[in-house]
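The structure appears right after this line, and notes come after that.
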Amino acid sequence: MYRDYQLSFIDSQNLFTHVKETVLKYRFKIDLKKFNHNLIDPIKLTFDAAVYRKELQDIIESEILRQLDKSNTNYIGYFHQNIFKYMNADWKVQEKGFDIINEKEKIFVEMKNKHNTMNSSSSQKTYMRMQHKILEGSDITCMLVEVIAKKSQNISWAISIDGKRFCHEHIRRVSIDKFYELVTGEKTAFRDLCEKLPIVLEDVMCTLDQEMIKNSVFTQLQQISPNLLKSLYMLSFEKYEGFSNFKI
């Protein structure tokens with residue numbers, strides 16, 4: 001059950017619901033087939049266990065969590081983007097085109113989780129799309145909003161395309177705290193949300209099954225061989241020459 005999180009810019013029930021929806025998008029189940037989807041490298045895991053002086057089971061668990069985390073990163077993007085539909089009715093979240101728009105203020109937003117998630121080619125493509133958009137009217141503003149930026153900022157986005165530098169006042173590069181301020185009118189809105197987020201997550205997790213992570217990887221590995229290391233090698237190299245009588 002949610003409580004009053006005392007945030008003026010978002011309703012407590014909406015915040016609880018949005019956080020819960022994000023949690024439920026997480027990937028909780030993994031079996032041996034999914035674990036080995038991209039072919040596990042048992043030689044690397046052997047090195048990792050020896051170099052870091054870890055039990056092989058701990059190394060495998062770390063790899064499982066790494067794979068789960070890789071899938072779940074996208075859902076944090078869902079959290080960051082979709083929360084704005086609960087804050088201010090003027091801000092609309094879109095499935096296609098720009099991520100967030102405010103037609104009243106004529107602001108069009110592309111949101112990225114981290115400042116370095118776009119390579120040079122995708123940065124140029126995004127900038128040119130924004131260039132095209134601002135040609136539709138002198139009062140249009142486009143923004144690249146970064147959740148993890150190098151610093152708090154709301155500046156003109158400068159970029160080089162084919163060796164030529166471009167910079168326009170209506171194409172902005174904005175850190176998430178400044179975007180929250182723009183949407184809510186509150187200077188510390190993003191900080192205030194971050195302070196409450198652990199409490200909201202605690203409330204959400206109390207409503208869910210505490211054994212949500214279903215991991216059958218170890219059980220299935222032991223069906224190949226009681227020796228975990230041998231199981232990993234047999235999983236990846238079973239059809240290689242000589243591995244039918246592999247000993248370790």
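For the structure tokens, the naming scheme is as follows: chains receive sequential letters (A, B, ...) according to their order of presentation, residues are indexed from 1 within each chain, and ligands are indexed from 1 in presentation order.
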
Any idea what's packed within 10 Å of region 188-197 of chain A, counting only C-alpha atoms, ignoring anything in its chain fewer than 2 positions away? Could you give it as number ranges by chain?
A: 5-10, 15-16, 19, 176-186, 199-203

Residue set, region 7-220 of chain A restricted to strand (DSSP E or B), as a ChimeraX atom specification:
/A:29-30,92-93,100-102,107-114,141-148,154-161,164-175,214-215

Written selection (N, CA and C atoms) as a short mmCIF file (atom, residue, chain, number, x, y, z; two decimals), in the first residue's frame:
data_model
loop_
_atom_site.label_atom_id
_atom_site.label_comp_id
_atom_site.auth_asym_id
_atom_site.auth_seq_id
_atom_site.Cartn_x
_atom_site.Cartn_y
_atom_site.Cartn_z
N LYS A 29 13.05 -14.09 -14.65
CA LYS A 29 13.24 -15.52 -14.88
C LYS A 29 14.41 -15.78 -15.82
N ILE A 30 15.20 -16.76 -15.47
CA ILE A 30 16.29 -17.17 -16.36
C ILE A 30 16.53 -18.66 -16.20
N LYS A 92 3.18 15.32 -23.05
CA LYS A 92 2.67 14.06 -23.58
C LYS A 92 3.83 13.12 -23.90
N VAL A 93 3.70 11.88 -23.46
CA VAL A 93 4.68 10.84 -23.77
C VAL A 93 4.23 10.13 -25.04
N ILE A 100 8.93 12.89 -25.79
CA ILE A 100 8.00 13.72 -25.01
C ILE A 100 7.77 15.02 -25.77
N ILE A 101 6.53 15.47 -25.79
CA ILE A 101 6.24 16.75 -26.45
C ILE A 101 5.32 17.60 -25.58
N ASN A 102 5.45 18.89 -25.76
CA ASN A 102 4.54 19.86 -25.16
C ASN A 102 4.07 20.75 -26.30
N ILE A 107 7.60 22.35 -27.43
CA ILE A 107 8.87 21.76 -27.02
C ILE A 107 8.85 20.28 -27.37
N PHE A 108 9.91 19.81 -28.01
CA PHE A 108 10.01 18.42 -28.46
C PHE A 108 11.28 17.81 -27.87
N VAL A 109 11.11 16.68 -27.18
CA VAL A 109 12.18 16.13 -26.36
C VAL A 109 12.60 14.73 -26.82
N GLU A 110 13.90 14.55 -26.92
CA GLU A 110 14.51 13.23 -27.09
C GLU A 110 15.23 12.93 -25.78
N MET A 111 14.92 11.82 -25.14
CA MET A 111 15.50 11.52 -23.83
C MET A 111 16.48 10.37 -23.94
N LYS A 112 17.63 10.55 -23.30
CA LYS A 112 18.64 9.50 -23.24
C LYS A 112 19.02 9.28 -21.78
N ASN A 113 19.34 8.01 -21.45
CA ASN A 113 19.66 7.72 -20.06
C ASN A 113 21.02 8.27 -19.66
N LYS A 114 21.99 8.20 -20.58
CA LYS A 114 23.35 8.60 -20.22
C LYS A 114 23.96 9.45 -21.32
N THR A 141 11.19 24.58 -29.93
CA THR A 141 12.44 24.22 -29.26
C THR A 141 12.56 22.70 -29.18
N CYS A 142 13.73 22.19 -29.51
CA CYS A 142 14.01 20.75 -29.38
C CYS A 142 15.06 20.57 -28.28
N MET A 143 14.90 19.48 -27.53
CA MET A 143 15.81 19.23 -26.40
C MET A 143 16.31 17.80 -26.40
N LEU A 144 17.59 17.65 -26.16
CA LEU A 144 18.17 16.35 -25.82
C LEU A 144 18.30 16.34 -24.30
N VAL A 145 17.46 15.54 -23.64
CA VAL A 145 17.47 15.48 -22.18
C VAL A 145 18.25 14.23 -21.75
N GLU A 146 19.25 14.44 -20.89
CA GLU A 146 20.11 13.34 -20.43
C GLU A 146 19.91 13.13 -18.93
N VAL A 147 19.58 11.90 -18.56
CA VAL A 147 19.39 11.59 -17.15
C VAL A 147 20.73 11.64 -16.42
N ILE A 148 21.72 10.97 -16.97
CA ILE A 148 23.06 10.99 -16.38
C ILE A 148 23.94 11.89 -17.24
N ASN A 154 21.47 23.49 -19.08
CA ASN A 154 20.46 23.75 -20.11
C ASN A 154 21.12 24.69 -21.09
N ILE A 155 21.79 24.12 -22.07
CA ILE A 155 22.65 24.89 -22.97
C ILE A 155 22.32 24.57 -24.42
N SER A 156 22.80 25.42 -25.32
CA SER A 156 22.69 25.11 -26.75
C SER A 156 23.53 23.88 -27.05
N TRP A 157 22.98 22.98 -27.83
CA TRP A 157 23.70 21.76 -28.17
C TRP A 157 24.60 22.04 -29.37
N ALA A 158 25.91 21.97 -29.15
CA ALA A 158 26.89 22.18 -30.22
C ALA A 158 27.38 20.83 -30.72
N ILE A 159 27.48 20.68 -32.02
CA ILE A 159 27.87 19.40 -32.60
C ILE A 159 28.58 19.64 -33.93
N SER A 160 29.46 18.70 -34.29
CA SER A 160 30.15 18.77 -35.58
C SER A 160 29.56 17.73 -36.53
N ILE A 161 29.18 18.17 -37.72
CA ILE A 161 28.64 17.29 -38.74
C ILE A 161 29.45 17.50 -40.01
N LYS A 164 31.85 20.35 -39.89
CA LYS A 164 31.32 21.70 -39.70
C LYS A 164 30.57 21.78 -38.38
N ARG A 165 30.83 22.83 -37.62
CA ARG A 165 30.23 22.99 -36.30
C ARG A 165 28.84 23.63 -36.41
N PHE A 166 27.88 23.05 -35.71
CA PHE A 166 26.52 23.57 -35.68
C PHE A 166 26.11 23.85 -34.23
N CYS A 167 25.39 24.92 -34.05
CA CYS A 167 24.90 25.30 -32.72
C CYS A 167 23.70 26.23 -32.92
N HIS A 168 22.57 25.89 -32.29
CA HIS A 168 21.37 26.70 -32.44
C HIS A 168 20.71 26.86 -31.08
N GLU A 169 20.27 28.06 -30.80
CA GLU A 169 19.68 28.38 -29.50
C GLU A 169 18.43 27.55 -29.21
N HIS A 170 17.74 27.11 -30.24
CA HIS A 170 16.51 26.35 -30.05
C HIS A 170 16.71 24.84 -30.09
N ILE A 171 17.97 24.41 -30.15
CA ILE A 171 18.29 23.00 -29.99
C ILE A 171 19.15 22.90 -28.73
N ARG A 172 18.55 22.33 -27.67
CA ARG A 172 19.13 22.41 -26.35
C ARG A 172 19.65 21.05 -25.86
N ARG A 173 20.63 21.09 -25.01
CA ARG A 173 21.13 19.91 -24.31
C ARG A 173 20.87 20.15 -22.82
N VAL A 174 20.02 19.30 -22.24
CA VAL A 174 19.48 19.59 -20.91
C VAL A 174 19.66 18.40 -19.98
N SER A 175 20.17 18.63 -18.78
CA SER A 175 20.26 17.57 -17.78
C SER A 175 18.89 17.35 -17.16
N LYS A 214 13.32 -16.24 -10.55
CA LYS A 214 13.27 -17.68 -10.76
C LYS A 214 14.50 -18.10 -11.58
N ASN A 215 15.44 -18.74 -10.92
CA ASN A 215 16.71 -19.08 -11.54
C ASN A 215 16.90 -20.60 -11.50
#

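Excluding Leu229 (chain A) itself and any same-chain residue fewer than 3 positions from it, the protein and nucleic acid residues within 8 Å of it, counting only C-alpha atoms, are Pro42, Thr46, Leu56, Leu232, Tyr233 and Ile248 of chain A.
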
Got time to write the residues from that selection, C-alpha atoms, as a PDB file, in the first residue's frame?
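What landed in result25.pdb:
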ATOM      1  CA  PRO A  42      33.678 -21.028 -20.015  1.00  0.00           C
ATOM      2  CA  THR A  46      37.543 -20.021 -15.490  1.00  0.00           C
ATOM      3  CA  LEU A  56      32.755 -20.602  -9.600  1.00  0.00           C
ATOM      4  CA  LEU A 232      30.049 -25.056 -18.522  1.00  0.00           C
ATOM      5  CA  TYR A 233      32.615 -26.567 -20.881  1.00  0.00           C
ATOM      6  CA  ILE A 248      38.438 -31.645 -15.361  1.00  0.00           C
TER       7      ILE A 248
END

I need the residues in region 73-134 of chain A that are alpha helix (DSSP H) according to DSSP; give them as a PyMOL selection string.
chain A and resi 73-82+120-134

Counting only C-alpha atoms, which residue out of A:Met130, A:Cys206, A:Ile43, A:Leu68 sits closest to Asp31 (chain A)?
A:Leu68

Just checking: using only C-alpha atoms, which residue out of A:Ser152, A:Ser216, A:Asn72, A:Thr126 ends up closest to Leu24 (chain A)?
A:Asn72

So which one's closest to Glu21 (chain A), A:Asn38, A:Ser236, A:Gln67, A:Asn82? Using only C-alpha atoms, please.
A:Asn82

Name the residues in contact with Asp4 (chain A) at a cut-off of 9 Å, using only C-alpha atoms, excluding same-chain residues fewer than 5 positions from it; report them as a list in words.
Asp11, Ser12 and Gln13 of chain A

Serialized selection, N, CA and C atoms, as an mmCIF file, in the first residue's frame:
data_model
loop_
_atom_site.group_PDB
_atom_site.id
_atom_site.type_symbol
_atom_site.label_atom_id
_atom_site.label_comp_id
_atom_site.auth_asym_id
_atom_site.auth_seq_id
_atom_site.Cartn_x
_atom_site.Cartn_y
_atom_site.Cartn_z
ATOM 1 N N ASP A 11 1.106 13.013 -7.973
ATOM 2 C CA ASP A 11 0.220 12.356 -7.026
ATOM 3 C C ASP A 11 0.864 11.078 -6.490
ATOM 4 N N SER A 12 0.718 10.822 -5.204
ATOM 5 C CA SER A 12 1.371 9.671 -4.564
ATOM 6 C C SER A 12 0.917 8.352 -5.170
ATOM 7 N N GLN A 13 -0.373 8.220 -5.448
ATOM 8 C CA GLN A 13 -0.869 6.983 -6.028
ATOM 9 C C GLN A 13 -0.307 6.771 -7.434
#

Skip Phe243 (chain A) itself and residues of its chain fewer than 3 positions away, then list as a PyMOL selection string all residues within 12 Å of it, counting only C-alpha atoms.
chain A and resi 230-240+246-248

Based on the selection just made, write N, CA and C atoms of those residues as a PDB file, in the first residue's frame.
ATOM      1  N   LYS A 230      32.881 -28.387 -15.379  1.00  0.00           N
ATOM      2  CA  LYS A 230      32.736 -29.322 -16.487  1.00  0.00           C
ATOM      3  C   LYS A 230      31.432 -29.058 -17.241  1.00  0.00           C
ATOM      4  N   SER A 231      30.361 -28.756 -16.505  1.00  0.00           N
ATOM      5  CA  SER A 231      29.069 -28.464 -17.137  1.00  0.00           C
ATOM      6  C   SER A 231      29.170 -27.287 -18.080  1.00  0.00           C
ATOM      7  N   LEU A 232      29.892 -26.247 -17.678  1.00  0.00           N
ATOM      8  CA  LEU A 232      30.049 -25.056 -18.522  1.00  0.00           C
ATOM      9  C   LEU A 232      30.787 -25.389 -19.813  1.00  0.00           C
ATOM     10  N   TYR A 233      31.854 -26.192 -19.693  1.00  0.00           N
ATOM     11  CA  TYR A 233      32.615 -26.567 -20.881  1.00  0.00           C
ATOM     12  C   TYR A 233      31.790 -27.454 -21.797  1.00  0.00           C
ATOM     13  N   MET A 234      31.040 -28.376 -21.217  1.00  0.00           N
ATOM     14  CA  MET A 234      30.206 -29.257 -22.027  1.00  0.00           C
ATOM     15  C   MET A 234      29.073 -28.485 -22.694  1.00  0.00           C
ATOM     16  N   LEU A 235      28.603 -27.455 -22.023  1.00  0.00           N
ATOM     17  CA  LEU A 235      27.530 -26.625 -22.574  1.00  0.00           C
ATOM     18  C   LEU A 235      27.986 -25.925 -23.846  1.00  0.00           C
ATOM     19  N   SER A 236      29.208 -25.406 -23.828  1.00  0.00           N
ATOM     20  CA  SER A 236      29.703 -24.623 -24.964  1.00  0.00           C
ATOM     21  C   SER A 236      30.451 -25.461 -26.002  1.00  0.00           C
ATOM     22  N   PHE A 237      31.142 -26.517 -25.544  1.00  0.00           N
ATOM     23  CA  PHE A 237      32.057 -27.238 -26.434  1.00  0.00           C
ATOM     24  C   PHE A 237      31.657 -28.695 -26.657  1.00  0.00           C
ATOM     25  N   GLU A 238      30.423 -29.038 -26.357  1.00  0.00           N
ATOM     26  CA  GLU A 238      29.988 -30.435 -26.447  1.00  0.00           C
ATOM     27  C   GLU A 238      30.244 -31.043 -27.827  1.00  0.00           C
ATOM     28  N   LYS A 239      30.097 -30.240 -28.882  1.00  0.00           N
ATOM     29  CA  LYS A 239      30.244 -30.773 -30.237  1.00  0.00           C
ATOM     30  C   LYS A 239      31.657 -30.596 -30.800  1.00  0.00           C
ATOM     31  N   TYR A 240      32.579 -30.115 -29.972  1.00  0.00           N
ATOM     32  CA  TYR A 240      33.967 -29.971 -30.393  1.00  0.00           C
ATOM     33  C   TYR A 240      34.683 -31.327 -30.263  1.00  0.00           C
ATOM     34  N   PHE A 246      35.494 -35.341 -21.902  1.00  0.00           N
ATOM     35  CA  PHE A 246      36.177 -34.222 -21.241  1.00  0.00           C
ATOM     36  C   PHE A 246      36.313 -34.483 -19.746  1.00  0.00           C
ATOM     37  N   LYS A 247      37.526 -34.284 -19.213  1.00  0.00           N
ATOM     38  CA  LYS A 247      37.781 -34.469 -17.791  1.00  0.00           C
ATOM     39  C   LYS A 247      38.387 -33.205 -17.192  1.00  0.00           C
ATOM     40  N   ILE A 248      37.911 -32.843 -16.020  1.00  0.00           N
ATOM     41  CA  ILE A 248      38.438 -31.645 -15.361  1.00  0.00           C
ATOM     42  C   ILE A 248      38.293 -31.793 -13.856  1.00  0.00           C
TER      43      ILE A 248
END

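One distance worth recording is that between CA of Pro226 (chain A) and CA of Gln57 (chain A), which is 12.3 Å.
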
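In terms of minimum interatomic distance to Val204 (chain A), A:Met1 ranks closest within A:Ile140, A:Met128, A:Met1, A:Ile64, counting only C-alpha atoms.
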